[in-house]
Amino acid sequence: MLQDIRANAQGTAAKIIIGLIVIAFSLFGIESILLGGSSNAAAEVNGEEITPQELQQAVNNQKRQLLAMMGDDIDPDLLDDQLISQQALQTLIQRKLLIQSAREMGLTVSDAQIGSIVANMEEFQVDGQFSADMYRARLADAGFTPTSFRMTMSDDLVMGQVRAGLAASEFATPAELSLNARILGEQRDLRYLTIPMERYRSDVEVSAAEVETYYAENADEFLSEEAVVLDYIVISADDFKQPVDEALILDAYEAEKQGGQYATENRVSHILLEQREDESAEDYAQRIATVEQEISSGKDFAELAKQYSDDIGSSGFGGDLGFSSGDAFPEAMELAIAELQVGEVSAPVVTEAGTHIILLNERREGKAPTLEEMRPQLEEQIALSEARVELLRTVETLKDLAFNAQDLNEPAEELALEVARTGRITRAHSEGLFADRVLLDAAFSDDVLNAGHNSDVLELEENRWVVLRVQEHFPAQVMPLEQVREQIVARIADERALQAVEREAAMAVQQLRGGAGVEDYAGDAGFEWQVELGADRRNPMVPREILASAFQLAPPEEGGSVVDYVLSSGGDALVYEVSQVTPGELQSLPEAERNVIQQMVGAEYGQLIDNEYRQGLREAAEINVL
Amino acid sequence: MEQYRTEEEQVEALKKWWEENGRSTIVAVIVALGLGFGWQGWQKYQEGEGESASMSYQNMVQMLSTGEAESARALAEEIKLEYSRTTYAQFAALHLARLAVTDGDLATAEAELRWVLGRADKGSDTMQLAQLRLARVLAAAGDPQQALTILQSADPGSYAAAYQVATGDVLLMLERDDEARAAYDSALSLASRAEGQVNMAVLQQKLQSLSQVPPREIDIAASAGESEAAPEAPSADADTVPGEE
């Protein structure tokens with residue numbers, strides 16, 4: 001066959017095929033052929049991938065935010081990876097779309113521009129100056145590299161530019177303002193009286209028979225709360241603590257003493273002499289000798305350091321190098337320092353840097369606590385770390401046993417643990433061990449509550465584990481009549497009173513429509529009444545129920561009025577009269593009010609446009625969630 | 001293809017070919033290189049232009065946010081002039097239009113919006129928004145009829161809800177209340193299809209004022225005896241009213 005191909009390779013057809021291959025490579029690059037089809041992306045947005053790493057980072061960020069927002073007693077359901085992952089993916093897709101759209105519009109940000117923004121960000125400044133160290137540290141904290149941070153900044157900037165260009169250039173025309181002012185600034189004269197429910201409640205008598213009927217008809221409204229009694233085993237590291245071997249304590253004490261925190265610290269100054277390039281060995285030696293001589297003649301070390309030292313970092317400060325606990329300087333120096341008494345000057349010490357002459361200024365003797373002082377702490381540490389090993393081993397066994405056993409007694413016997421029993425516990429239990437959401441969720445989970453299995457062995461805080469099962473289940477059931485009698489009487493009384501109030505309200509409305517004045521009628525019947533002339537939709541004096549209802553009514557004819565009533569959330573009837581309706585007039589509104597309207601109209605358009613822009617991108621996009 | 005017997009023949013043939021085609025080959029190569037570098041240069045130039053435009057635009061946005069309207073206006077004019085082919089120029093013009101509307105200078109606003117329409121690609125976001133805003137400005141300038149024509153004949157693209165809000169406003173100016181209500185209604189339902197939450201309080205109040213109801217009917221003669229309150233009335237607390245016994 002190869003022969004055939006060779007023979008035909010000269011033919012026109014072959015040339016065309018080779019030509020096509022060449023074009024394919026040159027147009028799409030070799031990557032597309034080598035890498036195509038082997039993607040493991042989390043999603044594809046218009047052909048651009050969202051990698052699993054990106055997704056994971058977004059999930060982590062979201063978790064961190066949730067924790068920061070809700071603190072430690074967050075509902076663990078909220079931290080469900082599956083759920084967060086889905087939200088995070090949607091957010092990433094949205095972001096990708098916005099970025100793609102911005103790039104398509106030709107929006108771009110130069111590195112210089114990002115640089116100048118970064119340089120002015122307070123987060124990266126120390127004493128008002130940009131600090132490269134701070135920059136790197138902050139980025140590393142947030143999981144960025146400088147490159148990925150620049151990319152993110154650039155993306156954020158272009159997205160902001162689109163927003164600023166499309167949505168933030170929204171406005172409200174004068175015509176729209178007066179249109180909206182006409183409605184938002186509309187004023188109505190309101191007179192209203194209040195028929196209080198309380199007045200009718202007191203005369204209601206409820207008979208025993210009525211209570212029983214109500215109880216029978218509405219039984220499902222009087223359910224007790226579902227509860228369980230639990231058997232449980234709790235084990236903690238404390239249960240496994242053993243007396244500690246004396247030898248271990250001694251070892252730990254020795255290790256502790258060796259640790260850096262009790263080391264002796266020395267504060268030293270030095271004069272450094274470096275051999276200069278054009279300096280002969282003799283001259284150099286001579287220079288060292290001069291300094292030594294000056295010192296032995298009793299001259300001030302600080303003065304000499306200033307005069308002779310080649311260490312420009314310390315010479316201005318009398319040669320001071322600060323404290324070392326034995327590991328800050330080269331070994332030769334540390335050895336010499338250890339030999340010195342305070343105030344004594346060393347012989348010349350040679351290191352890679354040059355020749356040092358060292359003065360010991362101050363010595364802080366490291367003093368380790370005695371064994372007896374440390375004993376309780378060390379004993380506790382060792383006991384706990386040994387107990388933890390034992391605990392985890394027991395937890396593993398318990399997991400197996402509890403999974404296979406029909407109850408908790410069997411595993412408990414096998415491991416010599418105790419089974420405890422709770423009192424009645426509801427889903428809202430809030431005291432003691434079982435206030436823990438993890439335990440409550442497990443206790444009321446389908447597997448434990450309905451299937452009757454043992455729960456998983458659940459980790460509470462560090463070193464504490466619990467396994468539980470439902471010993472007895474009290475489903476929600478209808479409470480006995482005696483327990484709810486008062487409640488029922490109150491409800492029936494409320495309903496009756498409400499009917500009475502509405503009857504009274506209807507009567508009042510009819511009287512008022514017949515021509516009675518609100519003031520007179522209220523005065524005669526002993527109701528409270530109010531007048532609010534020129535109330536607008538946001539009037540703070542008039543009850544909200546009246547505003548909502550009164551502004552919905554068709555306006556009365558010129559000189560006339562309309563009357564209606566509305567019930568307040570407390571059950572009072574509010575009977576009101578609308579007598580004069582004045583459309584809002586932009587010019588007559590106070591300046592502040594006018595600005596509010598302008599703000600509202602522009603902002604509503606802006607929001608709407610921003611939203612439709614995003615929606616538009618989403619609808620036009622090809623999105624594959626893989 | 002011809003077959004050559006010896007190397008000399010091959011060399012001879014090559015030489016001959018070069019004499020015939022050499023000049024045009026060199027020209028072709030030079031032209032190809034020239035085109036390549038030219039294209040690259042053009043791309044570089046465009047990128048550079050985009051970056052400078054971006055910088056100026058960012059400054060303009062900054063000025064607007066700190067209330068330096070006059071400097072922002074000057075900078076926007078400069079962006080329009082210097083980088084007229086970029087989207088930044090269109091954004092700048094949209095902001096000039098906004099500033100003009102706020103000052104009540106509708107003629108300038110119209111000119112800026114028409115400038116955007118003259119440069120924006122068909123179907124682009126800037127084009128659809130400039131068109132919408134042009135209609136609104138025309139309506140404000142006293143020509144609601146033309147505004148309506150634009151709004152109803154143009155393709156709103158992604159911005160169907162915003163177009164309906166504007167349509168409703170224009171119809172309301174023309175006192176065609178029923179049509180306005182229909183437009184507002186459709187704006188609300190279009191807006192709710194998007195995932196994000198939009199607070200449409202203004203629209204809802206306009207809608208409410210267009211859907212006013214008569215007060216409930218009360219006939220005490222029929223209901224005086226027993227507990228009867230007209231139920232079809234608009235009551236904020238209708239749910240709490242118990243059924244009759």
# chains A, B, ... in the order shown; residues from 1 in each chain; ligands from 1
call {"tool": "closest_atom_pairs", "arguments": {"of": "chain A", "to": "chain B", "cutoff": "6 Å", "atoms": "only C-alpha atoms", "output": "Markdown table"}}
result
| residue | atom | partner | partner_atom | distance |
| --- | --- | --- | --- | --- |
| A:Thr108 | CA | B:Glu51 | CA | 5.9 |
| A:Val109 | CA | B:Glu51 | CA | 5.5 |
| A:Ser110 | CA | B:Glu51 | CA | 5.4 |
| A:Gly165 | CA | B:Phe91 | CA | 4.7 |
| A:Ser169 | CA | B:His95 | CA | 5.1 |
| A:Phe171 | CA | B:Arg98 | CA | 5.7 |
| A:Ala175 | CA | B:Ala140 | CA | 4.8 |
| A:Gln499 | CA | B:Ser227 | CA | 5.8 |
| A:Gln552 | CA | B:Gln212 | CA | 5.0 |
| A:Leu553 | CA | B:Val213 | CA | 5.0 |
| A:Ala554 | CA | B:Gln212 | CA | 4.9 |
| A:Asp564 | CA | B:Pro215 | CA | 5.9 |
| A:Val566 | CA | B:Ser235 | CA | 5.6 |
| A:Leu567 | CA | B:Asp237 | CA | 6.0 |
| A:Glu612 | CA | B:Tyr159 | CA | 5.7 |
| A:Gln615 | CA | B:Ala194 | CA | 5.8 |
| A:Gly616 | CA | B:Ser158 | CA | 4.9 |
call {"tool": "select_by_dssp", "arguments": {"residues": "region 439-626 of chain A", "states": "helix (DSSP H, G or I)", "output": "VMD selection string"}}
result
chain A and resid 439 to 443 446 to 450 481 to 513 518 to 525 544 to 550 586 to 588 591 to 620
call {"tool": "residues_around", "arguments": {"residues": "region 269-283 of chain A", "least_positions_apart": "3", "cutoff": "6 Å", "atoms": "only C-alpha atoms", "output": "ChimeraX atom specification"}}
result
/A:286,305,309-311,319-321,354-359
call {"tool": "residues_around", "arguments": {"residues": "region 403-410 of chain A", "least_positions_apart": "6", "cutoff": "10 Å", "atoms": "only C-alpha atoms", "output": "PyMOL selection string"}}
result
chain A and resi 231-233+397+416-420+452-457+467-471
call {"tool": "write_last_selection", "arguments": {"atoms": "N, CA, C and O atoms", "output": "compact mmCIF listing (two decimals), in the first residue's frame"}}
result
# COMPACT_ATOMS: atom_id res chain seq x y z
N ASP A 231 -30.09 7.47 72.08
CA ASP A 231 -28.98 6.79 72.73
C ASP A 231 -27.71 7.27 72.07
O ASP A 231 -27.70 7.45 70.85
N TYR A 232 -26.66 7.45 72.86
CA TYR A 232 -25.45 7.91 72.21
C TYR A 232 -24.21 7.49 72.98
O TYR A 232 -24.26 7.22 74.19
N ILE A 233 -23.13 7.43 72.27
CA ILE A 233 -21.82 7.20 72.88
C ILE A 233 -20.95 8.39 72.54
O ILE A 233 -20.87 8.79 71.38
N THR A 397 -12.45 1.61 64.99
CA THR A 397 -13.15 0.38 65.31
C THR A 397 -14.63 0.64 65.52
O THR A 397 -15.49 -0.10 65.05
N ALA A 416 -15.83 -1.40 75.70
CA ALA A 416 -15.91 -0.95 77.09
C ALA A 416 -16.26 0.54 77.18
O ALA A 416 -15.61 1.30 77.90
N LEU A 417 -17.26 0.93 76.41
CA LEU A 417 -17.72 2.32 76.47
C LEU A 417 -19.12 2.33 77.07
O LEU A 417 -19.76 1.30 77.20
N GLU A 418 -19.59 3.55 77.39
CA GLU A 418 -20.93 3.63 77.99
C GLU A 418 -21.91 4.28 77.03
O GLU A 418 -21.59 5.24 76.35
N VAL A 419 -23.13 3.71 77.04
CA VAL A 419 -24.19 4.31 76.24
C VAL A 419 -25.00 5.22 77.15
O VAL A 419 -25.41 4.81 78.23
N ALA A 420 -25.19 6.47 76.72
CA ALA A 420 -25.98 7.40 77.51
C ALA A 420 -27.31 7.64 76.80
O ALA A 420 -27.46 7.29 75.62
N GLY A 452 -33.89 3.85 61.23
CA GLY A 452 -33.50 3.27 62.51
C GLY A 452 -32.05 2.82 62.59
O GLY A 452 -31.69 2.02 63.44
N HIS A 453 -31.19 3.33 61.72
CA HIS A 453 -29.78 2.94 61.77
C HIS A 453 -29.01 3.75 62.81
O HIS A 453 -29.48 4.80 63.25
N ASN A 454 -27.82 3.25 63.14
CA ASN A 454 -26.91 4.08 63.91
C ASN A 454 -26.40 5.19 63.00
O ASN A 454 -26.26 4.99 61.79
N SER A 455 -26.10 6.33 63.61
CA SER A 455 -25.54 7.42 62.79
C SER A 455 -24.09 7.12 62.47
O SER A 455 -23.52 6.16 62.98
N ASP A 456 -23.50 7.92 61.63
CA ASP A 456 -22.04 7.87 61.46
C ASP A 456 -21.40 8.26 62.79
O ASP A 456 -22.06 8.85 63.65
N VAL A 457 -20.11 7.94 62.92
CA VAL A 457 -19.39 8.45 64.09
C VAL A 457 -18.96 9.87 63.75
O VAL A 457 -18.20 10.08 62.82
N VAL A 467 -21.47 8.96 68.43
CA VAL A 467 -22.33 8.18 67.55
C VAL A 467 -23.68 8.09 68.26
O VAL A 467 -23.73 8.04 69.50
N LEU A 468 -24.76 8.14 67.50
CA LEU A 468 -26.08 8.14 68.15
C LEU A 468 -27.08 7.32 67.35
O LEU A 468 -26.86 6.99 66.19
N ARG A 469 -28.17 6.95 68.04
CA ARG A 469 -29.31 6.33 67.34
C ARG A 469 -30.57 6.79 68.03
O ARG A 469 -30.56 7.25 69.17
N VAL A 470 -31.66 6.69 67.32
CA VAL A 470 -32.93 7.12 67.88
C VAL A 470 -33.51 5.99 68.71
O VAL A 470 -33.74 4.90 68.21
N GLN A 471 -33.72 6.27 70.00
CA GLN A 471 -34.27 5.25 70.88
C GLN A 471 -35.79 5.29 70.80
O GLN A 471 -36.45 4.28 70.77
call {"tool": "atom_distance", "arguments": {"atom1": "CA of Ala76 (chain B)", "atom2": "CA of Leu64 (chain B)"}}
result
10.5 Å
call {"tool": "residues_around", "arguments": {"residues": "Glu504 (chain A)", "least_positions_apart": "4", "cutoff": "9 Å", "atoms": "only C-alpha atoms", "output": "list in words"}}
result
Ile195, Gln499, Ala500, Ala508, Val509 and Ala573 of chain A
call {"tool": "write_last_selection", "arguments": {"atoms": "N, CA and C atoms", "output": "PDB file, in the first residue's frame"}}
result
ATOM      1  N   ILE A 195     -61.287  51.961  63.760  1.00  0.00           N
ATOM      2  CA  ILE A 195     -62.215  51.155  64.563  1.00  0.00           C
ATOM      3  C   ILE A 195     -61.381  50.047  65.198  1.00  0.00           C
ATOM      4  N   GLN A 499     -65.025  40.102  62.489  1.00  0.00           N
ATOM      5  CA  GLN A 499     -66.293  40.244  61.772  1.00  0.00           C
ATOM      6  C   GLN A 499     -67.043  41.475  62.261  1.00  0.00           C
ATOM      7  N   ALA A 500     -67.040  41.638  63.580  1.00  0.00           N
ATOM      8  CA  ALA A 500     -67.744  42.789  64.154  1.00  0.00           C
ATOM      9  C   ALA A 500     -67.112  44.084  63.663  1.00  0.00           C
ATOM     10  N   ALA A 508     -69.893  52.372  58.837  1.00  0.00           N
ATOM     11  CA  ALA A 508     -69.279  53.698  58.809  1.00  0.00           C
ATOM     12  C   ALA A 508     -69.130  54.186  57.375  1.00  0.00           C
ATOM     13  N   VAL A 509     -68.665  53.278  56.488  1.00  0.00           N
ATOM     14  CA  VAL A 509     -68.483  53.659  55.092  1.00  0.00           C
ATOM     15  C   VAL A 509     -69.806  54.127  54.510  1.00  0.00           C
ATOM     16  N   ALA A 573     -59.976  48.255  61.846  1.00  0.00           N
ATOM     17  CA  ALA A 573     -60.453  48.707  60.541  1.00  0.00           C
ATOM     18  C   ALA A 573     -60.124  50.189  60.407  1.00  0.00           C
TER      19      ALA A 573
END
